[in-house]
file entry-v9.txt (compact mmCIF, C-alpha atoms and all ligand atoms)
# COMPACT_ATOMS: atom_id res chain seq x y z
CA MET V 617 13.19 -5.86 5.42
CA SER V 618 11.05 -8.88 6.11
CA ASP V 619 7.97 -7.10 4.86
CA ALA V 620 9.51 -5.89 1.63
CA PRO V 621 7.49 -6.76 -1.45
CA GLN V 622 7.99 -9.93 -3.40
CA PRO V 623 7.90 -10.76 -7.08
CA ARG V 624 4.34 -10.50 -8.31
CA ALA V 625 2.11 -13.29 -7.18
CA SER V 626 0.14 -13.06 -10.38
CA MET V 627 3.16 -14.45 -12.20
CA THR V 628 3.88 -17.35 -9.94
CA PRO V 629 1.09 -19.85 -10.64
CA SER V 630 1.90 -20.20 -14.35
CA GLU V 631 5.64 -20.10 -13.84
CA GLN V 632 5.85 -22.42 -10.92
CA LYS V 633 5.99 -26.16 -11.38
CA ALA V 634 3.57 -28.35 -9.51
CA GLU V 635 4.18 -27.90 -5.83
CA ASP V 636 6.36 -30.35 -4.02
CA PRO V 637 4.23 -32.36 -1.54
CA GLN V 638 7.14 -32.42 0.86
CA ARG V 639 7.37 -28.64 0.89
CA ILE V 640 3.64 -28.46 1.54
CA ALA V 641 4.03 -30.93 4.39
CA GLU V 642 6.85 -28.83 5.89
CA PHE V 643 4.78 -25.70 5.50
CA GLU V 644 1.81 -27.28 7.23
CA ALA V 645 4.04 -28.56 10.00
CA ARG V 646 5.24 -25.00 10.60
CA ILE V 647 1.63 -23.81 10.80
CA ALA V 648 0.76 -26.65 13.17
CA ARG V 649 3.66 -25.60 15.43
CA GLY V 650 2.11 -22.13 15.56
CA GLU V 651 4.92 -20.48 13.61
CA SER V 652 4.30 -17.24 11.80
CA ILE V 653 4.70 -17.21 8.01
CA GLU V 654 6.69 -14.25 6.70
CA PRO V 655 6.67 -12.73 3.19
CA LYS V 656 9.87 -14.36 1.96
CA ASP V 657 9.05 -17.80 3.33
CA TRP V 658 7.93 -20.47 0.93
CA MET V 659 4.16 -20.87 0.87
CA PRO V 660 1.72 -22.81 -1.32
CA ASP V 661 0.28 -20.76 -4.19
CA ARG V 662 -3.15 -21.41 -2.83
CA TYR V 663 -2.24 -19.95 0.57
CA ARG V 664 -0.92 -16.85 -1.18
CA THR V 665 -3.97 -16.37 -3.40
CA GLN V 666 -6.41 -16.99 -0.56
CA LEU V 667 -4.61 -14.39 1.54
CA ILE V 668 -4.52 -11.85 -1.28
CA ARG V 669 -8.25 -12.35 -1.75
CA MET V 670 -9.08 -12.07 1.94
CA MET V 671 -6.73 -9.23 2.77
CA SER V 672 -7.63 -7.09 -0.24
CA GLN V 673 -11.34 -7.53 0.46
CA HIS V 674 -10.64 -6.49 4.01
CA ALA V 675 -8.67 -3.42 2.89
CA HIS V 676 -11.39 -2.41 0.44
CA SER V 677 -13.97 -2.74 3.22
CA GLU V 678 -12.07 -0.26 5.37
CA ILE V 679 -11.93 2.21 2.49
CA VAL V 680 -15.55 1.84 1.33
CA GLY V 681 -16.55 1.81 5.00
CA MET V 682 -15.59 5.48 5.22
CA LEU V 683 -18.46 6.45 2.93
CA PRO V 684 -21.57 5.68 5.01
CA GLU V 685 -20.11 7.60 7.96
CA GLY V 686 -18.53 10.32 5.85
CA ASN V 687 -22.10 11.09 4.86
CA TRP V 688 -22.75 12.51 8.36
CA ILE V 689 -19.56 14.42 9.14
CA THR V 690 -20.97 17.78 8.07
CA ARG V 691 -24.24 17.10 9.87
CA ALA V 692 -22.93 15.86 13.21
CA PRO V 693 -25.03 17.37 16.02
CA SER V 694 -22.13 19.01 17.89
CA LEU V 695 -18.50 19.95 17.39
CA ARG V 696 -17.49 17.17 19.78
CA ARG V 697 -19.33 14.54 17.74
CA LYS V 698 -17.96 15.98 14.52
CA MET V 699 -14.35 15.79 15.68
CA ILE V 700 -14.89 12.23 16.90
CA LEU V 701 -16.47 11.13 13.63
CA LEU V 702 -13.70 12.75 11.60
CA ALA V 703 -11.05 10.98 13.65
CA LYS V 704 -12.89 7.67 13.34
CA VAL V 705 -13.24 7.91 9.58
CA GLN V 706 -9.57 8.86 9.31
CA ASP V 707 -8.70 5.75 11.31
CA GLU V 708 -10.60 3.64 8.77
CA ALA V 709 -8.47 5.12 5.99
CA GLY V 710 -5.44 4.13 8.04
CA HIS V 711 -6.79 0.60 8.47
CA GLY V 712 -7.19 0.32 4.71
CA LEU V 713 -3.59 1.41 4.23
CA TYR V 714 -2.20 -1.00 6.86
CA ILE V 715 -3.90 -3.89 5.11
CA TYR V 716 -3.03 -2.83 1.55
CA CYS V 717 0.57 -2.60 2.74
CA GLY V 718 0.31 -6.11 4.21
CA THR V 719 -1.24 -7.43 1.00
CA GLU V 720 1.60 -5.99 -1.07
CA THR V 721 4.06 -8.20 0.81
CA LEU V 722 2.42 -11.11 -1.02
CA GLY V 723 3.64 -9.73 -4.33
CA VAL V 724 0.63 -7.81 -5.56
CA ASP V 725 0.75 -4.12 -6.34
CA ARG V 726 -1.60 -1.73 -4.57
CA SER V 727 -2.51 -0.01 -7.83
CA GLU V 728 -3.85 -3.37 -9.06
CA LEU V 729 -6.01 -3.71 -5.97
CA VAL V 730 -7.33 -0.15 -6.19
CA ASP V 731 -8.10 -0.81 -9.83
CA GLN V 732 -10.11 -3.92 -8.95
CA LEU V 733 -12.13 -1.87 -6.49
CA LEU V 734 -12.81 0.97 -8.91
CA THR V 735 -13.86 -1.35 -11.74
CA GLY V 736 -16.26 -3.16 -9.43
CA LYS V 737 -14.33 -6.42 -9.74
CA ALA V 738 -13.37 -6.58 -6.07
CA LYS V 739 -15.68 -7.47 -3.22
CA TYR V 740 -15.91 -5.67 0.08
CA SER V 741 -18.05 -6.13 3.17
CA SER V 742 -21.78 -6.33 2.39
CA ILE V 743 -22.62 -4.06 5.32
CA PHE V 744 -21.36 -0.91 3.63
CA ASN V 745 -24.00 -1.16 0.91
CA TYR V 746 -26.72 -0.01 3.29
CA PRO V 747 -27.66 3.67 3.57
CA THR V 748 -27.12 5.86 6.65
CA LEU V 749 -30.48 7.56 7.06
CA SER V 750 -30.24 9.26 10.45
CA TRP V 751 -27.67 10.43 12.99
CA ALA V 752 -28.48 7.35 15.08
CA ASP V 753 -26.95 5.27 12.30
CA MET V 754 -23.55 6.67 13.31
CA GLY V 755 -24.15 5.22 16.75
CA VAL V 756 -25.29 1.84 15.54
CA ILE V 757 -22.46 1.52 13.02
CA GLY V 758 -19.87 2.10 15.73
CA TRP V 759 -21.63 -0.24 18.13
CA PHE V 760 -22.64 -3.07 15.76
CA VAL V 761 -20.38 -2.80 12.72
CA ASP V 762 -17.17 -1.92 14.51
CA GLY V 763 -18.26 -4.30 17.27
CA ALA V 764 -18.57 -7.16 14.79
CA ALA V 765 -15.30 -6.11 13.18
CA ILE V 766 -13.58 -6.32 16.58
CA VAL V 767 -14.87 -9.87 17.08
CA ASN V 768 -13.50 -10.84 13.67
CA GLN V 769 -10.23 -8.94 13.87
CA THR V 770 -9.31 -10.08 17.37
CA VAL V 771 -9.19 -13.60 15.97
CA LEU V 772 -7.39 -12.52 12.79
CA ALA V 773 -4.70 -10.98 14.98
CA LYS V 774 -3.58 -14.59 15.54
CA ALA V 775 -3.58 -15.43 11.83
CA SER V 776 -0.61 -17.42 10.55
CA TYR V 777 0.54 -14.75 8.09
CA GLY V 778 2.76 -12.32 10.01
CA PRO V 779 2.01 -9.05 8.16
CA TYR V 780 -1.76 -9.68 8.36
CA ALA V 781 -1.63 -10.52 12.05
CA ARG V 782 0.47 -7.43 12.78
CA ALA V 783 -1.92 -5.17 10.86
CA MET V 784 -4.79 -6.64 12.88
CA ILE V 785 -3.07 -6.01 16.20
CA ARG V 786 -2.59 -2.38 15.22
CA ILE V 787 -6.22 -2.10 14.10
CA CYS V 788 -7.66 -3.79 17.20
CA LYS V 789 -5.99 -1.16 19.38
CA GLU V 790 -7.96 1.53 17.54
CA GLU V 791 -11.32 -0.19 17.21
CA ASN V 792 -12.33 0.04 20.84
CA PHE V 793 -12.66 3.79 20.51
CA HIS V 794 -14.85 3.25 17.43
CA LYS V 795 -17.22 0.94 19.21
CA LYS V 796 -17.36 3.02 22.37
CA GLN V 797 -18.15 6.30 20.64
CA GLY V 798 -20.95 4.56 18.75
CA TYR V 799 -22.44 3.02 21.86
CA GLU V 800 -22.22 6.38 23.60
CA ILE V 801 -24.27 7.98 20.80
CA ILE V 802 -26.95 5.30 21.21
CA ALA V 803 -26.97 5.48 25.01
CA THR V 804 -27.37 9.26 24.79
CA LEU V 805 -30.28 8.99 22.36
CA ALA V 806 -31.87 6.21 24.40
CA ASN V 807 -31.90 8.53 27.42
CA GLY V 808 -33.15 11.50 25.43
CA THR V 809 -36.59 12.55 24.24
CA PRO V 810 -39.08 9.89 23.04
CA GLU V 811 -38.26 10.95 19.46
CA GLN V 812 -34.54 10.46 20.04
CA LYS V 813 -35.12 7.06 21.60
CA ALA V 814 -37.32 6.09 18.65
CA MET V 815 -34.60 7.21 16.26
CA ALA V 816 -32.08 4.95 18.01
CA GLN V 817 -34.50 2.02 17.94
CA ASP V 818 -35.18 2.56 14.24
CA ALA V 819 -31.47 2.49 13.45
CA ILE V 820 -31.06 -0.72 15.45
CA ASN V 821 -33.96 -2.30 13.60
CA ARG V 822 -32.39 -1.51 10.25
CA TRP V 823 -28.79 -2.50 11.08
CA TRP V 824 -29.17 -5.59 13.26
CA TRP V 825 -29.67 -8.20 10.55
CA PRO V 826 -27.13 -6.77 8.11
CA SER V 827 -24.63 -6.75 11.01
CA LEU V 828 -25.21 -10.45 11.64
CA MET V 829 -24.75 -11.12 7.90
CA MET V 830 -21.55 -9.10 7.86
CA LEU V 831 -19.76 -11.93 9.69
CA GLY V 832 -20.11 -13.99 6.54
CA PRO V 833 -22.24 -16.83 5.16
CA SER V 834 -23.19 -19.62 7.48
CA ASP V 835 -20.59 -22.38 7.82
CA LYS V 836 -22.47 -24.80 5.60
CA ASP V 837 -22.29 -22.26 2.73
CA SER V 838 -18.70 -21.31 3.30
CA PRO V 839 -16.61 -23.80 1.34
CA ASN V 840 -13.30 -21.99 1.97
CA THR V 841 -13.53 -22.18 5.72
CA ALA V 842 -12.01 -25.62 6.26
CA GLU V 843 -8.90 -24.78 4.25
CA LEU V 844 -8.50 -21.36 5.85
CA ILE V 845 -8.79 -22.88 9.29
CA LYS V 846 -6.31 -25.63 8.43
CA TRP V 847 -3.79 -22.96 7.45
CA ARG V 848 -4.75 -20.81 10.44
CA VAL V 849 -5.66 -17.86 8.29
CA LYS V 850 -9.00 -18.06 10.05
CA ARG V 851 -9.17 -19.44 13.55
CA LYS V 852 -12.93 -19.39 14.06
CA THR V 853 -15.80 -20.11 11.68
CA ASN V 854 -18.28 -17.42 10.63
CA ASP V 855 -21.00 -18.95 12.79
CA GLU V 856 -18.72 -19.03 15.82
CA LEU V 857 -17.85 -15.36 15.32
CA ARG V 858 -21.52 -14.49 14.86
CA GLN V 859 -22.42 -16.28 18.08
CA ARG V 860 -19.78 -14.34 19.96
CA PHE V 861 -21.05 -11.05 18.54
CA VAL V 862 -24.64 -11.84 19.54
CA ASP V 863 -23.62 -12.88 23.05
CA ILE V 864 -21.70 -9.65 23.54
CA THR V 865 -24.32 -7.37 22.02
CA VAL V 866 -27.61 -8.56 23.60
CA PRO V 867 -26.75 -7.40 27.14
CA GLN V 868 -25.51 -4.08 25.75
CA ALA V 869 -28.91 -3.49 24.10
CA GLN V 870 -30.66 -4.40 27.35
CA ALA V 871 -28.47 -1.96 29.27
CA VAL V 872 -29.79 0.98 27.25
CA GLY V 873 -33.39 -0.26 27.20
CA LEU V 874 -33.55 -0.90 23.46
CA THR V 875 -34.64 -4.10 21.72
CA LEU V 876 -33.17 -6.17 18.93
CA PRO V 877 -35.61 -6.87 16.06
CA ASP V 878 -35.69 -10.66 16.43
CA PRO V 879 -38.78 -12.27 18.03
CA ASP V 880 -36.94 -15.60 18.17
CA LEU V 881 -33.97 -14.30 20.13
CA LYS V 882 -33.68 -16.32 23.35
CA TYR V 883 -31.15 -17.33 25.92
CA ASN V 884 -30.25 -21.00 26.11
CA GLU V 885 -29.45 -21.78 29.76
CA GLU V 886 -27.77 -25.01 28.82
CA THR V 887 -25.31 -23.68 26.25
CA GLN V 888 -25.22 -20.23 27.88
CA HIS V 889 -25.61 -18.61 24.48
CA TRP V 890 -28.14 -16.26 22.94
CA GLU V 891 -29.84 -17.97 20.01
CA HIS V 892 -30.96 -15.78 17.14
CA GLY V 893 -33.71 -16.39 14.58
CA ALA V 894 -33.22 -17.31 10.93
CA ILE V 895 -31.09 -14.95 8.82
CA ASP V 896 -32.42 -13.92 5.41
CA TRP V 897 -29.51 -15.19 3.35
CA ASP V 898 -31.24 -14.26 0.10
CA GLU V 899 -30.84 -10.65 1.07
CA PHE V 900 -27.17 -11.23 1.86
CA TRP V 901 -26.43 -12.84 -1.50
CA GLN V 902 -28.31 -10.11 -3.33
CA VAL V 903 -26.13 -7.48 -1.68
CA VAL V 904 -22.97 -9.48 -2.36
CA LYS V 905 -23.95 -9.76 -6.03
CA GLY V 906 -24.20 -6.00 -6.29
CA ASN V 907 -27.91 -5.47 -5.77
CA GLY V 908 -27.84 -3.90 -2.33
CA PRO V 909 -29.37 -0.47 -1.75
CA CYS V 910 -26.06 1.42 -2.23
CA ASN V 911 -23.63 -0.81 -4.19
CA ARG V 912 -23.58 1.43 -7.26
CA GLU V 913 -23.45 4.62 -5.23
CA ARG V 914 -20.44 3.41 -3.24
CA ILE V 915 -18.35 2.55 -6.27
CA ALA V 916 -19.36 5.78 -8.00
CA ALA V 917 -18.26 7.73 -4.92
CA ARG V 918 -14.91 5.93 -4.81
CA ARG V 919 -14.28 6.60 -8.48
CA GLU V 920 -15.18 10.23 -8.09
CA ALA V 921 -12.86 10.61 -5.10
CA HIS V 922 -10.08 8.93 -7.07
CA GLU V 923 -10.64 11.27 -10.03
CA ASN V 924 -10.83 14.35 -7.85
CA GLY V 925 -7.59 13.41 -6.15
CA ARG V 926 -5.71 13.21 -9.41
CA TRP V 927 -4.44 16.79 -9.33
CA VAL V 928 -2.97 16.14 -5.88
CA ARG V 929 -1.12 13.08 -7.15
CA ASP V 930 0.06 14.97 -10.23
CA ALA V 931 1.25 17.90 -8.14
CA ALA V 932 3.13 15.67 -5.69
CA GLU V 933 4.81 13.91 -8.59
CA ALA V 934 5.77 17.16 -10.32
CA HIS V 935 7.12 18.53 -7.04
CA ALA V 936 9.21 15.42 -6.46
CA ALA V 937 10.59 15.52 -10.01
CA LYS V 938 11.46 19.21 -9.75
CA LYS V 939 13.24 18.73 -6.46
CA ALA V 940 15.16 15.73 -7.74
CA ALA V 941 16.28 17.74 -10.78
CA ARG V 942 17.40 20.63 -8.59
CA ASN V 943 19.46 18.32 -6.40
CA GLN V 944 21.20 16.77 -9.39
CA PRO V 945 24.69 18.23 -9.97
CA ALA V 946 24.81 20.15 -13.25
CA ALA V 947 25.88 17.95 -16.16
CA ALA V 948 29.41 18.57 -17.38
CA MET K 1148 6.09 6.54 -11.26
CA THR K 1149 7.65 4.16 -13.72
CA ASP K 1150 4.72 1.75 -13.75
CA THR K 1151 3.05 1.12 -17.04
CA PRO K 1152 -0.16 3.11 -17.40
CA LYS K 1153 -3.23 1.25 -16.32
CA GLY K 1154 -6.37 1.82 -14.39
CA ALA K 1155 -10.10 1.79 -14.41
CA THR K 1156 -10.15 5.46 -14.97
CA GLY K 1157 -7.95 5.36 -18.05
CA ASN K 1158 -5.44 7.80 -16.61
CA GLY K 1159 -1.90 7.69 -17.83
CA THR K 1160 0.35 7.66 -14.80
CA ASP K 1161 -1.80 6.52 -11.95
CA SER K 1162 0.99 4.69 -10.23
CA GLN K 1163 0.93 4.38 -6.51
CA TRP K 1164 4.52 5.72 -6.29
CA PRO K 1165 7.59 4.05 -4.85
CA LEU K 1166 7.34 2.06 -1.65
CA TRP K 1167 9.04 3.22 1.56
CA GLU K 1168 9.51 1.13 4.69
CA VAL K 1169 8.58 2.89 7.91
CA PHE K 1170 10.39 2.53 11.24
CA VAL K 1171 9.21 4.24 14.38
CA GLN K 1172 10.83 4.91 17.72
CA PRO K 1173 8.06 4.40 20.26
CA ALA K 1174 9.72 6.12 23.23
CA GLN K 1175 12.90 7.79 24.44
CA ALA K 1176 15.87 5.42 24.31
CA ALA K 1177 13.85 2.67 22.59
CA PRO K 1178 15.18 1.16 19.36
CA TYR K 1179 13.50 1.96 16.06
CA GLU K 1180 11.11 -0.77 14.95
CA HIS K 1181 9.70 -1.61 11.55
CA CYS K 1182 5.96 -0.97 11.46
CA GLY K 1183 4.88 -1.08 7.82
CA SER K 1184 5.21 0.81 4.58
CA VAL K 1185 3.80 3.74 2.65
CA HIS K 1186 3.80 4.87 -0.95
CA ALA K 1187 5.09 8.36 -1.71
CA ALA K 1188 6.57 10.38 -4.55
CA ASP K 1189 9.52 11.54 -2.45
CA ALA K 1190 11.05 11.34 1.02
CA GLU K 1191 9.15 14.34 2.31
CA GLY K 1192 5.84 12.83 1.24
CA ALA K 1193 6.83 9.47 2.68
CA MET K 1194 7.55 11.12 6.03
CA GLN K 1195 4.17 12.86 6.09
CA ASN K 1196 2.30 9.73 5.04
CA ALA K 1197 4.15 7.68 7.65
CA ARG K 1198 3.12 10.16 10.34
CA ASP K 1199 -0.53 10.10 9.25
CA VAL K 1200 -0.71 6.34 8.88
CA TYR K 1201 1.45 5.07 11.75
CA ALA K 1202 1.51 7.82 14.37
CA ARG K 1203 -1.98 9.19 14.93
CA ARG K 1204 -1.97 8.45 18.65
CA GLY K 1205 1.46 9.36 19.91
CA GLU K 1206 2.87 5.95 18.98
CA ALA K 1207 6.14 7.52 17.88
CA ILE K 1208 8.65 10.14 18.89
CA GLY K 1209 10.78 9.48 15.82
CA ILE K 1210 10.26 8.10 12.32
CA TRP K 1211 12.64 6.74 9.68
CA VAL K 1212 11.49 6.19 6.11
CA VAL K 1213 13.71 4.13 3.84
CA PRO K 1214 13.17 3.27 0.16
CA SER K 1215 12.13 -0.39 0.20
CA SER K 1216 14.49 -1.04 -2.69
CA ALA K 1217 17.44 0.02 -0.50
CA ILE K 1218 16.86 -2.72 2.04
CA VAL K 1219 18.98 -5.83 1.96
CA ALA K 1220 17.45 -8.76 3.82
CA SER K 1221 18.67 -12.22 4.75
CA LYS K 1222 16.96 -15.06 2.93
CA PRO K 1223 14.82 -17.54 4.86
CA GLU K 1224 16.15 -20.48 2.82
CA ASP K 1225 19.72 -19.62 3.86
CA ALA K 1226 18.81 -18.90 7.45
CA GLY K 1227 20.11 -22.25 8.72
CA SER K 1228 23.65 -21.98 7.42
CA PHE K 1229 23.77 -18.19 7.72
CA PHE K 1230 23.03 -18.12 11.44
CA ASP K 1231 24.74 -21.41 12.09
CA PRO K 1232 28.02 -19.97 13.45
CA ALA K 1233 26.05 -18.75 16.46
CA ASP K 1234 24.90 -22.24 17.41
CA ASP K 1235 28.20 -23.76 18.54
CA LYS K 1236 29.34 -20.88 20.71
CA ILE K 1237 27.43 -21.63 23.84
CA TYR K 1238 30.29 -20.06 25.82
CA ARG K 1239 28.82 -16.71 24.75
CA HIS K 1240 26.01 -17.28 27.23
CA PRO K 1241 26.50 -16.81 30.97
CA GLN K 1242 24.74 -20.12 31.70
CA PHE K 1243 27.82 -21.86 30.27
CA TYR K 1244 29.88 -21.02 33.33
CA LYS K 1245 29.89 -22.70 36.71
CA ILE K 1246 30.33 -20.74 39.88
CA PRO K 1247 31.08 -22.21 43.30
CA ARG K 1248 28.07 -23.74 45.02
CA GLY K 1249 26.54 -21.59 47.72
CA LEU K 1250 27.67 -18.31 46.22
CA LYS K 1251 24.68 -16.00 46.05
CA GLY K 1252 24.10 -12.83 44.05
CA PHE K 1253 27.04 -13.19 41.68
FE FE W 1301 -11.51 -0.37 10.65
FE FE W 1302 -13.49 0.89 12.95
call {"tool": "encode", "arguments": {"input": "entry-v9.txt", "output": "C-alpha cells"}}
result
Amino acid sequence: MSDAPQPRASMTPSEQKAEDPQRIAEFEARIARGESIEPKDWMPDRYRTQLIRMMSQHAHSEIVGMLPEGNWITRAPSLRRKMILLAKVQDEAGHGLYIYCGTETLGVDRSELVDQLLTGKAKYSSIFNYPTLSWADMGVIGWFVDGAAIVNQTVLAKASYGPYARAMIRICKEENFHKKQGYEIIATLANGTPEQKAMAQDAINRWWWPSLMMLGPSDKDSPNTAELIKWRVKRKTNDELRQRFVDITVPQAQAVGLTLPDPDLKYNEETQHWEHGAIDWDEFWQVVKGNGPCNRERIAARREAHENGRWVRDAAEAHAAKKAARNQPAAA
Amino acid sequence: MTDTPKGATGNGTDSQWPLWEVFVQPAQAAPYEHCGSVHAADAEGAMQNARDVYARRGEAIGIWVVPSSAIVASKPEDAGSFFDPADDKIYRHPQFYKIPRGLKGF
C-alpha cells in the first residue's frame, strides 16, 4: 500500500550520498505543480526530517492534550457534558493515532516517538502545559484551543505530504464538534448566574494569551518557516494563522458578552483585521523550555499511564501467542 | 513483538506490535478504501483498534485489516514504464470513436 512504512529514516542521512541537485529540482517542481508527495516517492532528507519533527510534535500534542480535559471528566456538571467530554477526549486519542500512523510512513517507528515523549525529549504544543482550574476551562479549551487548532489544521490539510494532509482532513471533520461544544459551555455560563459568568470570564482571561502563543513564534523568530512554505508543508505563516484566529474569535466573544483580556485589541477599518497587543514571548519560550506550570506533571502522567497499561499490552501479546500456537498444526 | 527492547521505562518488550493496514467500506456497494493503519498483536486486536480509530462516527459499514508486510505495491520510480502500456491504447476510450454528425443521445 502507498502508506506502508519505509526503511528507517534515521538510517538514511548517514547512508545516503550527497543529494543530487537535479533530483531536488525535480522534487521542487512537483511541489510547485501542486502534486502530492507519497511515502515511496523520493524526497530530500531535509523534507523527511522536517516532516517527522512536525508530525510527531503534532501527534504528541494530541496525546498530551487529553490530560488537561481528562482532569474534568469525573467532575463534569451533568451526564450530558460528561458523555460529550469523554467522546471529545477519545477523539484526541484518535487524532494522535492518525498522525503517528502518518509519521510512520516516513520510516520512523512509533515506539521511538513514544519513547521520545516519555523521556521528555520530544516537544508538544505549549498550550497543554497550563492547568485546568475550573469547569469553564473545558469551554474555553474547546472554543480557543480547538478553534486555533482548526485554523492551523485546515491549512495543513493542503500540505504537500499526502499522509499528513489526509490525516488532517479526517481530523478537521471532527474538530468542529470540539469547538462547538466548548463554545456552548461558555455561552451557557455567560447566560447563567453572575458567578457562572465570572467563572467563564476568568477562564477566558487565563487562556487567551496562551492560545495566541499556541500558533507558534512570530514569523521573525521562526527560521524554519520559509523552507516549510517553499515545500508546502506549511501554507501560511504563524502570524497569518494567528491573525485569522483573532478575527474569527473576537466576534464570538462579543456575541456572548464576554471580553478578551487585551486593552490594545482594536479593529483596523483599513485592513479589516482585529489587531492584538504585544504577546509575552518570554512566557512562551519558558513554557517551551519546560518551565510552564504543568510540564513536569504532564510527562509524569503520560509515563504513569504507559506503565499502568503494561499489563494490558502483556495480556494482548500472551493471548495472541497462545492463539497462534493453538492454530499451528501439531508438529510431526 | 520482535523489536529489540528499548524504552524510557526500561521495559523489556515494549514494542508497538505489528502494523496492519486498514480499509473501510463507507457505504453499501461502495469499494473498500485505504484509510490508515493500526498496531495490534493479532488480527482480532487490529480489527477492534481499526473500529475505534477509524469508525467512531459511522464512517464504515465494513472493515478489512491486512498485515502491512503482506502488501505488495508498485514502485513510484517504475511507474512510467509500468503503466506505459496504457498510454498508447487510446481506442479504449469512447472519445476515440466518431459517430455521424447530428446523431443525438448515442
Ligand atoms: Fe485534535
Ligand atoms: Fe480537538
call {"tool": "interface_residues", "arguments": {"input": "entry-v9.txt", "of": "chain V", "to": "chain K", "cutoff": "9 Å", "atoms": "only C-alpha atoms", "output": "VMD selection string"}}
result
chain V and resid 617 to 621 654 656 to 658 707 709 to 711 713 to 714 717 to 718 725 to 728 730 to 735 779 782 to 783 919 922 to 923 926 929 to 930 932 to 937 940
call {"tool": "write_last_selection", "arguments": {"input": "entry-v9.txt", "atoms": "C-alpha atoms", "output": "PDB file, in the frame of the given file"}}
result
ATOM      1  CA  MET V 617      13.190  -5.860   5.420  1.00  0.00           C
ATOM      2  CA  SER V 618      11.050  -8.880   6.110  1.00  0.00           C
ATOM      3  CA  ASP V 619       7.970  -7.100   4.860  1.00  0.00           C
ATOM      4  CA  ALA V 620       9.510  -5.890   1.630  1.00  0.00           C
ATOM      5  CA  PRO V 621       7.490  -6.760  -1.450  1.00  0.00           C
ATOM      6  CA  GLU V 654       6.690 -14.250   6.700  1.00  0.00           C
ATOM      7  CA  LYS V 656       9.870 -14.360   1.960  1.00  0.00           C
ATOM      8  CA  ASP V 657       9.050 -17.800   3.330  1.00  0.00           C
ATOM      9  CA  TRP V 658       7.930 -20.470   0.930  1.00  0.00           C
ATOM     10  CA  ASP V 707      -8.700   5.750  11.310  1.00  0.00           C
ATOM     11  CA  ALA V 709      -8.470   5.120   5.990  1.00  0.00           C
ATOM     12  CA  GLY V 710      -5.440   4.130   8.040  1.00  0.00           C
ATOM     13  CA  HIS V 711      -6.790   0.600   8.470  1.00  0.00           C
ATOM     14  CA  LEU V 713      -3.590   1.410   4.230  1.00  0.00           C
ATOM     15  CA  TYR V 714      -2.200  -1.000   6.860  1.00  0.00           C
ATOM     16  CA  CYS V 717       0.570  -2.600   2.740  1.00  0.00           C
ATOM     17  CA  GLY V 718       0.310  -6.110   4.210  1.00  0.00           C
ATOM     18  CA  ASP V 725       0.750  -4.120  -6.340  1.00  0.00           C
ATOM     19  CA  ARG V 726      -1.600  -1.730  -4.570  1.00  0.00           C
ATOM     20  CA  SER V 727      -2.510  -0.010  -7.830  1.00  0.00           C
ATOM     21  CA  GLU V 728      -3.850  -3.370  -9.060  1.00  0.00           C
ATOM     22  CA  VAL V 730      -7.330  -0.150  -6.190  1.00  0.00           C
ATOM     23  CA  ASP V 731      -8.100  -0.810  -9.830  1.00  0.00           C
ATOM     24  CA  GLN V 732     -10.110  -3.920  -8.950  1.00  0.00           C
ATOM     25  CA  LEU V 733     -12.130  -1.870  -6.490  1.00  0.00           C
ATOM     26  CA  LEU V 734     -12.810   0.970  -8.910  1.00  0.00           C
ATOM     27  CA  THR V 735     -13.860  -1.350 -11.740  1.00  0.00           C
ATOM     28  CA  PRO V 779       2.010  -9.050   8.160  1.00  0.00           C
ATOM     29  CA  ARG V 782       0.470  -7.430  12.780  1.00  0.00           C
ATOM     30  CA  ALA V 783      -1.920  -5.170  10.860  1.00  0.00           C
ATOM     31  CA  ARG V 919     -14.280   6.600  -8.480  1.00  0.00           C
ATOM     32  CA  HIS V 922     -10.080   8.930  -7.070  1.00  0.00           C
ATOM     33  CA  GLU V 923     -10.640  11.270 -10.030  1.00  0.00           C
ATOM     34  CA  ARG V 926      -5.710  13.210  -9.410  1.00  0.00           C
ATOM     35  CA  ARG V 929      -1.120  13.080  -7.150  1.00  0.00           C
ATOM     36  CA  ASP V 930       0.060  14.970 -10.230  1.00  0.00           C
ATOM     37  CA  ALA V 932       3.130  15.670  -5.690  1.00  0.00           C
ATOM     38  CA  GLU V 933       4.810  13.910  -8.590  1.00  0.00           C
ATOM     39  CA  ALA V 934       5.770  17.160 -10.320  1.00  0.00           C
ATOM     40  CA  HIS V 935       7.120  18.530  -7.040  1.00  0.00           C
ATOM     41  CA  ALA V 936       9.210  15.420  -6.460  1.00  0.00           C
ATOM     42  CA  ALA V 937      10.590  15.520 -10.010  1.00  0.00           C
ATOM     43  CA  ALA V 940      15.160  15.730  -7.740  1.00  0.00           C
TER      44      ALA V 940
END
call {"tool": "residues_around", "arguments": {"input": "entry-v9.txt", "residues": "stretch 911-913 of chain V", "least_positions_apart": "5", "cutoff": "8 Å", "atoms": "only C-alpha atoms", "output": "PDB file with C-alpha atoms, keeping the file's coordinate frame"}}
result
ATOM      1  CA  ASN V 745     -24.000  -1.160   0.910  1.00  0.00           C
ATOM      2  CA  VAL V 903     -26.130  -7.480  -1.680  1.00  0.00           C
ATOM      3  CA  GLY V 906     -24.200  -6.000  -6.290  1.00  0.00           C
TER       4      GLY V 906
END
call {"tool": "atom_distance", "arguments": {"input": "entry-v9.txt", "atom1": "atom CA of V:Phe793", "atom2": "atom CA of V:Asp878"}}
result
27.5 Å
call {"tool": "residues_near_ligand", "arguments": {"input": "entry-v9.txt", "ligand": "ligand FE 1301 (chain W)", "cutoff": "9 Å", "atoms": "only C-alpha atoms and all ligand atoms", "output": "short mmCIF file (atom, residue, chain, number, x, y, z; two decimals) with C-alpha atoms, keeping the file's coordinate frame"}}
result
data_model
loop_
_atom_site.label_atom_id
_atom_site.label_comp_id
_atom_site.auth_asym_id
_atom_site.auth_seq_id
_atom_site.Cartn_x
_atom_site.Cartn_y
_atom_site.Cartn_z
CA ALA V 675 -8.67 -3.42 2.89
CA SER V 677 -13.97 -2.74 3.22
CA GLU V 678 -12.07 -0.26 5.37
CA ILE V 679 -11.93 2.21 2.49
CA GLY V 681 -16.55 1.81 5.00
CA MET V 682 -15.59 5.48 5.22
CA LYS V 704 -12.89 7.67 13.34
CA VAL V 705 -13.24 7.91 9.58
CA ASP V 707 -8.70 5.75 11.31
CA GLU V 708 -10.60 3.64 8.77
CA ALA V 709 -8.47 5.12 5.99
CA GLY V 710 -5.44 4.13 8.04
CA HIS V 711 -6.79 0.60 8.47
CA GLY V 712 -7.19 0.32 4.71
CA ASP V 762 -17.17 -1.92 14.51
CA ALA V 765 -15.30 -6.11 13.18
CA ILE V 766 -13.58 -6.32 16.58
CA ILE V 787 -6.22 -2.10 14.10
CA CYS V 788 -7.66 -3.79 17.20
CA GLU V 790 -7.96 1.53 17.54
CA GLU V 791 -11.32 -0.19 17.21
CA HIS V 794 -14.85 3.25 17.43
#
